[in-house]
Amino acid sequence: MKTEITELFGIEHPIMQGGMHFVGFAEMAAAVSNAGGLGIITALTQRSPEALAAEIERCKAMTSKPFGVNLTFLPSVTPPDYPGYVRVIIESGVKVVETAGNNPQKWLPALKEAGIRVIHKCTSVRHALKAEAIGCDAVSVDGFECGGHPGEDDVPNFILLPRAAEELRVPFVASGGMATGAQLAAALALGAAGVNMGTRFIATQEAPVHDNVKQAILAATELDTRLIMRPLRNTERVLNNSAVERLLKKEQALGEKLTFADVAEEVAGVYPRIMVDGDMEAGGWSCGMVVGLIHDVPTCKNLIDSIMAEAEEVIRSRLTRLLG
Ligand SMILES: Cc1cc2nc3c(=O)[nH]c(=O)nc-3n(C[C@H](O)[C@H](O)[C@H](O)COP(=O)(O)O)c2cc1C
């Protein structure tokens with residue numbers, strides 16, 4: 001299948017893996033890229049620009065296919081060394097960067113000059129238009145159902161994607177809630193040029209996380225995610241657990257008075273304990289409603305092949321048959 005996204009990134013299938021904190025290591029990115037999608041290393045999971053450089057080299061040793069790096073700009077008390085990470089990305093020769101969070105404008109000239117394709121992930125049409133205006137090559141449109149930070153507008157993909165199609169000129173991928181070939185076909189029908197998946201890629205053989213995380217995804221249904229940190233306007237969709245319930249009780253009790261310090265115990269620095277140690281009650285971790293559609297732990301190749309086969313069957317057969 002050829003789309004503007006397969007052409008832009010030089011990949012076989014219109015499927016990319018979104019940056020994921022403590023999941024997007026070289027093993028994950030290489031597995032997705034080797035399966036014909038676009039794998040992404042998460043820059044900020046690496047403690048320093050030097051560590052990111054080493055991670056990119058590890059990934060190059062595992063795949064000869066294109067892969068990218070995610071750079072997330074989230075509010076933080078002590079900002080990471082963004083100039084250092086950008087320098088390493090450029091020097092490493094990586095050809096795709098997925099930006100997310102705040103406006104990436106400041107970093108675009110350097111990335112573009114190095115011939116890097118930039119896809120910005122955002123949760124509203126107005127931010128997507130801004131990304132297009134500042135020169136991003138593509139946009140990843142993240143619907144309300146997504147794992148991680150869905151923004152504050154709460155527009156699900158059945159509205160957000162056709163709205164993006166109405167307004168955007170650059171190609172966009174559908175992100176949030178994606179797991180199946182029927183969904184890929186639907187996303188293409190709504191104007192997207194591919195899909196971006198997060199949660200679905202965690203439940204794969206190659207995802208370098210503790211098996212407890214994969215089992216938690218298999219056991220969960222579409223009713224098991226919660227939105228946290230809404231009063232802080234930093235909403236995150238996470239899988240429910242005892243820490244999340246404790247956090248939500250604090251949000252209810254403190255109302256408008258809630259500060260980050262009140263919830264830090266449940267969210268700050270919890271990822272290594274969850275993803276590495278498998279302590280599933282350690283805190284809130286990003287997870288999409290799509291868990292309701294995840295029933296197995298395939299290899300990335302089997303997953304992507306089956307998505308592509310189903311999308312093809314839907315387009316060639318199920319939909320075409322309707323026309324008689
Ligand atoms: C465990 C986890 C960690 C994530 N960490 C990041 C991150 O660090 N930066 C980022 O831009 N997106 C992050 N995301 C969001 C994903 O890249 C992607 O946009 C999202 O998962 C799509 O929704 P889905 O989970 O329904 O597929 C994370 C998602 C998950 C599930």
# chains A, B, ... in the order shown; residues from 1 in each chain; ligands from 1

call {"tool": "select_by_dssp", "arguments": {"residues": "region 3-217 of chain A", "states": "helix (DSSP H, G or I)", "output": "PyMOL selection string"}}
result
chain A and resi 4-9+26-34+43-45+49-62+82-92+105-113+125-133+157-167+181-189+199-202+211-217

call {"tool": "residues_near_ligand", "arguments": {"ligand": "ligand 1", "cutoff": "6 Å", "atoms": "only C-alpha atoms and all ligand atoms", "output": "list in words"}}
result
Gly18, Gly19, Met20, His21, Thr72, Ala100, Cys146, Gly147, Gly148, Ser175, Gly176, Gly177, Met178, Met197, Gly198, Thr199, Arg200, Trp285, Ser286, Cys287, Gly288 and Val290 of chain A

call {"tool": "closest_atom_pairs", "arguments": {"of": "region 43-91 of chain A", "to": "region 257-268 of chain A", "cutoff": "12 Å", "atoms": "only C-alpha atoms", "output": "JSON lines"}}
result
{"residue": "A:Pro75", "atom": "CA", "partner": "A:Phe260", "partner_atom": "CA", "distance": 11.2}
{"residue": "A:Ser76", "atom": "CA", "partner": "A:Phe260", "partner_atom": "CA", "distance": 10.7}
{"residue": "A:Val77", "atom": "CA", "partner": "A:Phe260", "partner_atom": "CA", "distance": 10.8}

call {"tool": "residues_around", "arguments": {"residues": "Glu222 (chain A)", "least_positions_apart": "5", "cutoff": "7 Å", "atoms": "only C-alpha atoms", "output": "PyMOL selection string"}}
result
chain A and resi 289-292

call {"tool": "residues_around", "arguments": {"residues": "Leu108 (chain A)", "least_positions_apart": "3", "cutoff": "9 Å", "atoms": "only C-alpha atoms", "output": "MDAnalysis selection string"}}
result
chainID A and resid 104:105 111:113 118 134:136

call {"tool": "residues_around", "arguments": {"residues": "region 32-48 of chain A", "least_positions_apart": "5", "cutoff": "8 Å", "atoms": "only C-alpha atoms", "output": "PyMOL selection string"}}
result
chain A and resi 9+11-26+55-56+63-72+80-81+85+98+300-301+304-305

call {"tool": "closest_residue", "arguments": {"among": "A:Gly191, A:Pro109, A:Pro83, A:Pro208", "to": "Ala165 (chain A)", "atoms": "only C-alpha atoms"}}
result
A:Gly191

call {"tool": "closest_residue", "arguments": {"among": "A:Ala207, A:Leu160, A:Ile5, A:Val141", "to": "Ala30 (chain A)", "atoms": "only C-alpha atoms"}}
result
A:Ala207

call {"tool": "residues_around", "arguments": {"residues": "Pro272 (chain A)", "least_positions_apart": "2", "cutoff": "10 Å", "atoms": "only C-alpha atoms", "output": "JSON list (two decimals) with N, CA and C atoms, in the first residue's frame"}}
result
[["chain", "number", "residue", "atom", "x", "y", "z"],
["A", 21, "HIS", "N", 7.56, 6.66, 26.54],
["A", 21, "HIS", "CA", 8.53, 6.74, 27.63],
["A", 21, "HIS", "C", 8.78, 5.34, 28.23],
["A", 22, "PHE", "N", 10.03, 4.95, 28.31],
["A", 22, "PHE", "CA", 10.45, 3.66, 28.84],
["A", 22, "PHE", "C", 9.92, 2.44, 28.07],
["A", 23, "VAL", "N", 9.43, 2.67, 26.84],
["A", 23, "VAL", "CA", 9.07, 1.57, 25.93],
["A", 23, "VAL", "C", 9.87, 1.76, 24.63],
["A", 45, "THR", "N", 13.69, 9.31, 27.29],
["A", 45, "THR", "CA", 13.92, 8.14, 28.15],
["A", 45, "THR", "C", 15.42, 7.97, 28.38],
["A", 209, "VAL", "N", 9.54, -4.34, 27.72],
["A", 209, "VAL", "CA", 8.94, -4.01, 29.02],
["A", 209, "VAL", "C", 8.68, -5.29, 29.79],
["A", 210, "HIS", "N", 8.46, -5.17, 31.10],
["A", 210, "HIS", "CA", 8.16, -6.32, 31.96],
["A", 210, "HIS", "C", 6.89, -7.03, 31.47],
["A", 269, "GLY", "N", 8.39, 9.99, 38.10],
["A", 269, "GLY", "CA", 9.43, 8.96, 38.10],
["A", 269, "GLY", "C", 8.93, 7.53, 38.27],
["A", 270, "VAL", "N", 7.65, 7.27, 37.94],
["A", 270, "VAL", "CA", 7.10, 5.93, 38.16],
["A", 270, "VAL", "C", 7.39, 4.97, 37.00],
["A", 274, "ILE", "N", 7.35, 0.64, 36.75],
["A", 274, "ILE", "CA", 6.29, -0.09, 36.04],
["A", 274, "ILE", "C", 6.89, -0.89, 34.88],
["A", 275, "MET", "N", 7.57, -0.20, 33.98],
["A", 275, "MET", "CA", 8.02, -0.83, 32.73],
["A", 275, "MET", "C", 9.20, -1.79, 32.94],
["A", 276, "VAL", "N", 10.08, -1.45, 33.89],
["A", 276, "VAL", "CA", 11.26, -2.31, 34.11],
["A", 276, "VAL", "C", 10.99, -3.34, 35.19],
["A", 277, "ASP", "N", 10.46, -2.88, 36.36],
["A", 277, "ASP", "CA", 10.27, -3.80, 37.49],
["A", 277, "ASP", "C", 8.94, -4.55, 37.43],
["A", 278, "GLY", "N", 7.98, -4.04, 36.65],
["A", 278, "GLY", "CA", 6.68, -4.72, 36.58],
["A", 278, "GLY", "C", 5.80, -4.51, 37.79],
["A", 279, "ASP", "N", 6.06, -3.42, 38.54],
["A", 279, "ASP", "CA", 5.22, -3.10, 39.71],
["A", 279, "ASP", "C", 3.99, -2.34, 39.21],
["A", 282, "ALA", "N", 2.54, 0.92, 40.94],
["A", 282, "ALA", "CA", 3.50, 1.97, 41.32],
["A", 282, "ALA", "C", 3.00, 3.38, 41.00]]

call {"tool": "residues_around", "arguments": {"residues": "Gln205 (chain A)", "least_positions_apart": "3", "cutoff": "7 Å", "atoms": "only C-alpha atoms", "output": "list in words"}}
result
Val297, Pro298 and Thr299 of chain A

call {"tool": "write_last_selection", "arguments": {"atoms": "C-alpha atoms", "output": "PDB file, in the first residue's frame"}}
result
ATOM      1  CA  VAL A 297       0.996 -10.588  22.143  1.00  0.00           C
ATOM      2  CA  PRO A 298       2.236 -11.132  18.569  1.00  0.00           C
ATOM      3  CA  THR A 299       5.604 -10.249  17.071  1.00  0.00           C
TER       4      THR A 299
END

call {"tool": "select_by_dssp", "arguments": {"residues": "region 52-294 of chain A", "states": "strand (DSSP E)", "output": "PyMOL selection string"}}
result
chain A and resi 67-73+96-101+117-122+138-142+172-175+195-197+225-228+236-239

call {"tool": "write_last_selection", "arguments": {"atoms": "N, CA, C and O atoms", "output": "compact mmCIF listing (two decimals), in the first residue's frame"}}
result
# COMPACT_ATOMS: atom_id res chain seq x y z
N PHE A 67 14.19 4.61 10.78
CA PHE A 67 13.49 4.75 12.06
C PHE A 67 13.61 6.20 12.50
O PHE A 67 14.39 6.97 11.91
N GLY A 68 12.85 6.60 13.50
CA GLY A 68 12.85 8.00 13.91
C GLY A 68 13.09 8.16 15.40
O GLY A 68 13.29 7.18 16.13
N VAL A 69 13.09 9.42 15.84
CA VAL A 69 13.26 9.75 17.26
C VAL A 69 12.13 10.67 17.67
O VAL A 69 11.79 11.60 16.94
N ASN A 70 11.55 10.40 18.84
CA ASN A 70 10.52 11.27 19.42
C ASN A 70 11.15 12.29 20.34
O ASN A 70 11.96 11.95 21.20
N LEU A 71 10.75 13.54 20.17
CA LEU A 71 11.19 14.61 21.07
C LEU A 71 9.93 15.23 21.67
O LEU A 71 9.12 15.82 20.96
N THR A 72 9.76 15.06 22.97
CA THR A 72 8.54 15.53 23.64
C THR A 72 8.84 16.81 24.41
O THR A 72 9.78 16.84 25.21
N PHE A 73 8.03 17.85 24.17
CA PHE A 73 8.20 19.11 24.89
C PHE A 73 7.04 19.27 25.87
O PHE A 73 5.98 19.76 25.49
N VAL A 96 13.93 10.99 10.52
CA VAL A 96 12.56 11.38 10.92
C VAL A 96 12.54 11.74 12.39
O VAL A 96 13.12 11.02 13.22
N VAL A 97 11.86 12.85 12.72
CA VAL A 97 11.64 13.20 14.12
C VAL A 97 10.15 13.37 14.35
O VAL A 97 9.47 14.03 13.56
N GLU A 98 9.66 12.73 15.41
CA GLU A 98 8.28 12.95 15.85
C GLU A 98 8.35 13.92 17.02
O GLU A 98 8.92 13.60 18.06
N THR A 99 7.79 15.14 16.84
CA THR A 99 7.74 16.08 17.95
C THR A 99 6.36 15.97 18.60
O THR A 99 5.40 15.54 17.96
N ALA A 100 6.29 16.35 19.87
CA ALA A 100 5.01 16.28 20.58
C ALA A 100 5.04 17.25 21.74
O ALA A 100 6.11 17.64 22.20
N GLY A 101 3.85 17.64 22.20
CA GLY A 101 3.78 18.60 23.30
C GLY A 101 3.79 20.01 22.75
O GLY A 101 3.08 20.31 21.79
N ARG A 117 12.76 14.81 8.23
CA ARG A 117 11.31 14.96 8.11
C ARG A 117 10.75 15.11 9.51
O ARG A 117 11.07 14.29 10.40
N VAL A 118 9.88 16.09 9.71
CA VAL A 118 9.30 16.31 11.04
C VAL A 118 7.80 16.06 11.00
O VAL A 118 7.08 16.64 10.19
N ILE A 119 7.35 15.15 11.86
CA ILE A 119 5.91 14.92 12.03
C ILE A 119 5.56 15.35 13.44
O ILE A 119 6.16 14.88 14.41
N HIS A 120 4.64 16.31 13.56
CA HIS A 120 4.27 16.83 14.89
C HIS A 120 2.98 16.16 15.33
O HIS A 120 2.01 16.11 14.58
N LYS A 121 2.97 15.68 16.56
CA LYS A 121 1.77 15.02 17.10
C LYS A 121 0.97 16.03 17.89
O LYS A 121 1.50 16.67 18.78
N CYS A 122 -0.30 16.18 17.54
CA CYS A 122 -1.12 17.15 18.29
C CYS A 122 -2.57 16.67 18.37
O CYS A 122 -2.97 15.74 17.67
N ALA A 138 4.43 16.67 8.18
CA ALA A 138 3.22 15.87 8.39
C ALA A 138 2.76 16.08 9.82
O ALA A 138 3.47 16.66 10.65
N VAL A 139 1.56 15.60 10.10
CA VAL A 139 1.00 15.75 11.44
C VAL A 139 0.44 14.41 11.87
O VAL A 139 -0.04 13.63 11.06
N SER A 140 0.55 14.14 13.18
CA SER A 140 -0.07 12.97 13.76
C SER A 140 -1.23 13.49 14.60
O SER A 140 -1.03 14.27 15.53
N VAL A 141 -2.45 13.11 14.25
CA VAL A 141 -3.63 13.66 14.90
C VAL A 141 -4.10 12.69 15.98
O VAL A 141 -4.54 11.58 15.69
N ASP A 142 -3.97 13.12 17.23
CA ASP A 142 -4.17 12.24 18.37
C ASP A 142 -5.56 12.46 18.97
O ASP A 142 -5.82 13.50 19.59
N PHE A 172 -1.51 13.53 7.09
CA PHE A 172 -1.61 13.27 8.53
C PHE A 172 -1.89 11.80 8.78
O PHE A 172 -2.45 11.11 7.93
N VAL A 173 -1.45 11.33 9.95
CA VAL A 173 -1.78 9.96 10.36
C VAL A 173 -2.77 10.02 11.51
O VAL A 173 -2.81 10.98 12.28
N ALA A 174 -3.60 8.97 11.61
CA ALA A 174 -4.58 8.85 12.67
C ALA A 174 -3.91 8.20 13.87
O ALA A 174 -3.34 7.12 13.76
N SER A 175 -3.98 8.89 15.00
CA SER A 175 -3.34 8.36 16.21
C SER A 175 -4.36 8.29 17.32
O SER A 175 -5.21 9.16 17.47
N VAL A 195 -1.55 5.27 10.09
CA VAL A 195 -1.91 5.29 11.51
C VAL A 195 -0.65 5.32 12.38
O VAL A 195 0.43 4.88 11.96
N ASN A 196 -0.84 5.85 13.59
CA ASN A 196 0.22 5.84 14.60
C ASN A 196 -0.34 5.04 15.78
O ASN A 196 -1.47 5.27 16.21
N MET A 197 0.45 4.08 16.29
CA MET A 197 -0.03 3.26 17.41
C MET A 197 0.95 3.34 18.57
O MET A 197 2.16 3.30 18.38
N THR A 225 -9.53 2.64 31.42
CA THR A 225 -8.60 3.77 31.49
C THR A 225 -9.26 4.93 32.25
O THR A 225 -10.48 4.98 32.38
N ARG A 226 -8.44 5.80 32.76
CA ARG A 226 -8.93 6.99 33.50
C ARG A 226 -8.15 8.21 33.02
O ARG A 226 -7.01 8.09 32.56
N LEU A 227 -8.76 9.40 33.16
CA LEU A 227 -8.08 10.65 32.86
C LEU A 227 -7.60 11.26 34.17
O LEU A 227 -8.42 11.48 35.08
N ILE A 228 -6.31 11.50 34.26
CA ILE A 228 -5.75 12.11 35.48
C ILE A 228 -5.15 13.48 35.15
O ILE A 228 -4.88 13.78 33.98
N GLU A 236 -3.84 13.24 31.34
CA GLU A 236 -3.19 12.03 30.82
C GLU A 236 -4.15 10.85 30.95
O GLU A 236 -4.78 10.67 31.99
N ARG A 237 -4.26 10.07 29.87
CA ARG A 237 -5.07 8.84 29.93
C ARG A 237 -4.16 7.70 30.36
O ARG A 237 -3.15 7.43 29.72
N VAL A 238 -4.54 7.05 31.47
CA VAL A 238 -3.72 5.99 32.06
C VAL A 238 -4.58 4.77 32.34
O VAL A 238 -5.81 4.86 32.36
N LEU A 239 -3.91 3.64 32.57
CA LEU A 239 -4.66 2.45 32.98
C LEU A 239 -5.00 2.59 34.46
O LEU A 239 -4.17 3.01 35.27

call {"tool": "closest_residue", "arguments": {"among": "A:Asp154, A:Gly284, A:Leu161, A:Glu251", "to": "Gly194 (chain A)", "atoms": "only C-alpha atoms"}}
result
A:Leu161

call {"tool": "atom_distance", "arguments": {"atom1": "CA of Ala54 (chain A)", "atom2": "CA of Glu27 (chain A)"}}
result
12.9 Å

call {"tool": "closest_residue", "arguments": {"among": "A:Asn103, A:Gln215, A:Thr78, A:Asn157", "to": "Glu132 (chain A)", "atoms": "only C-alpha atoms"}}
result
A:Asn103
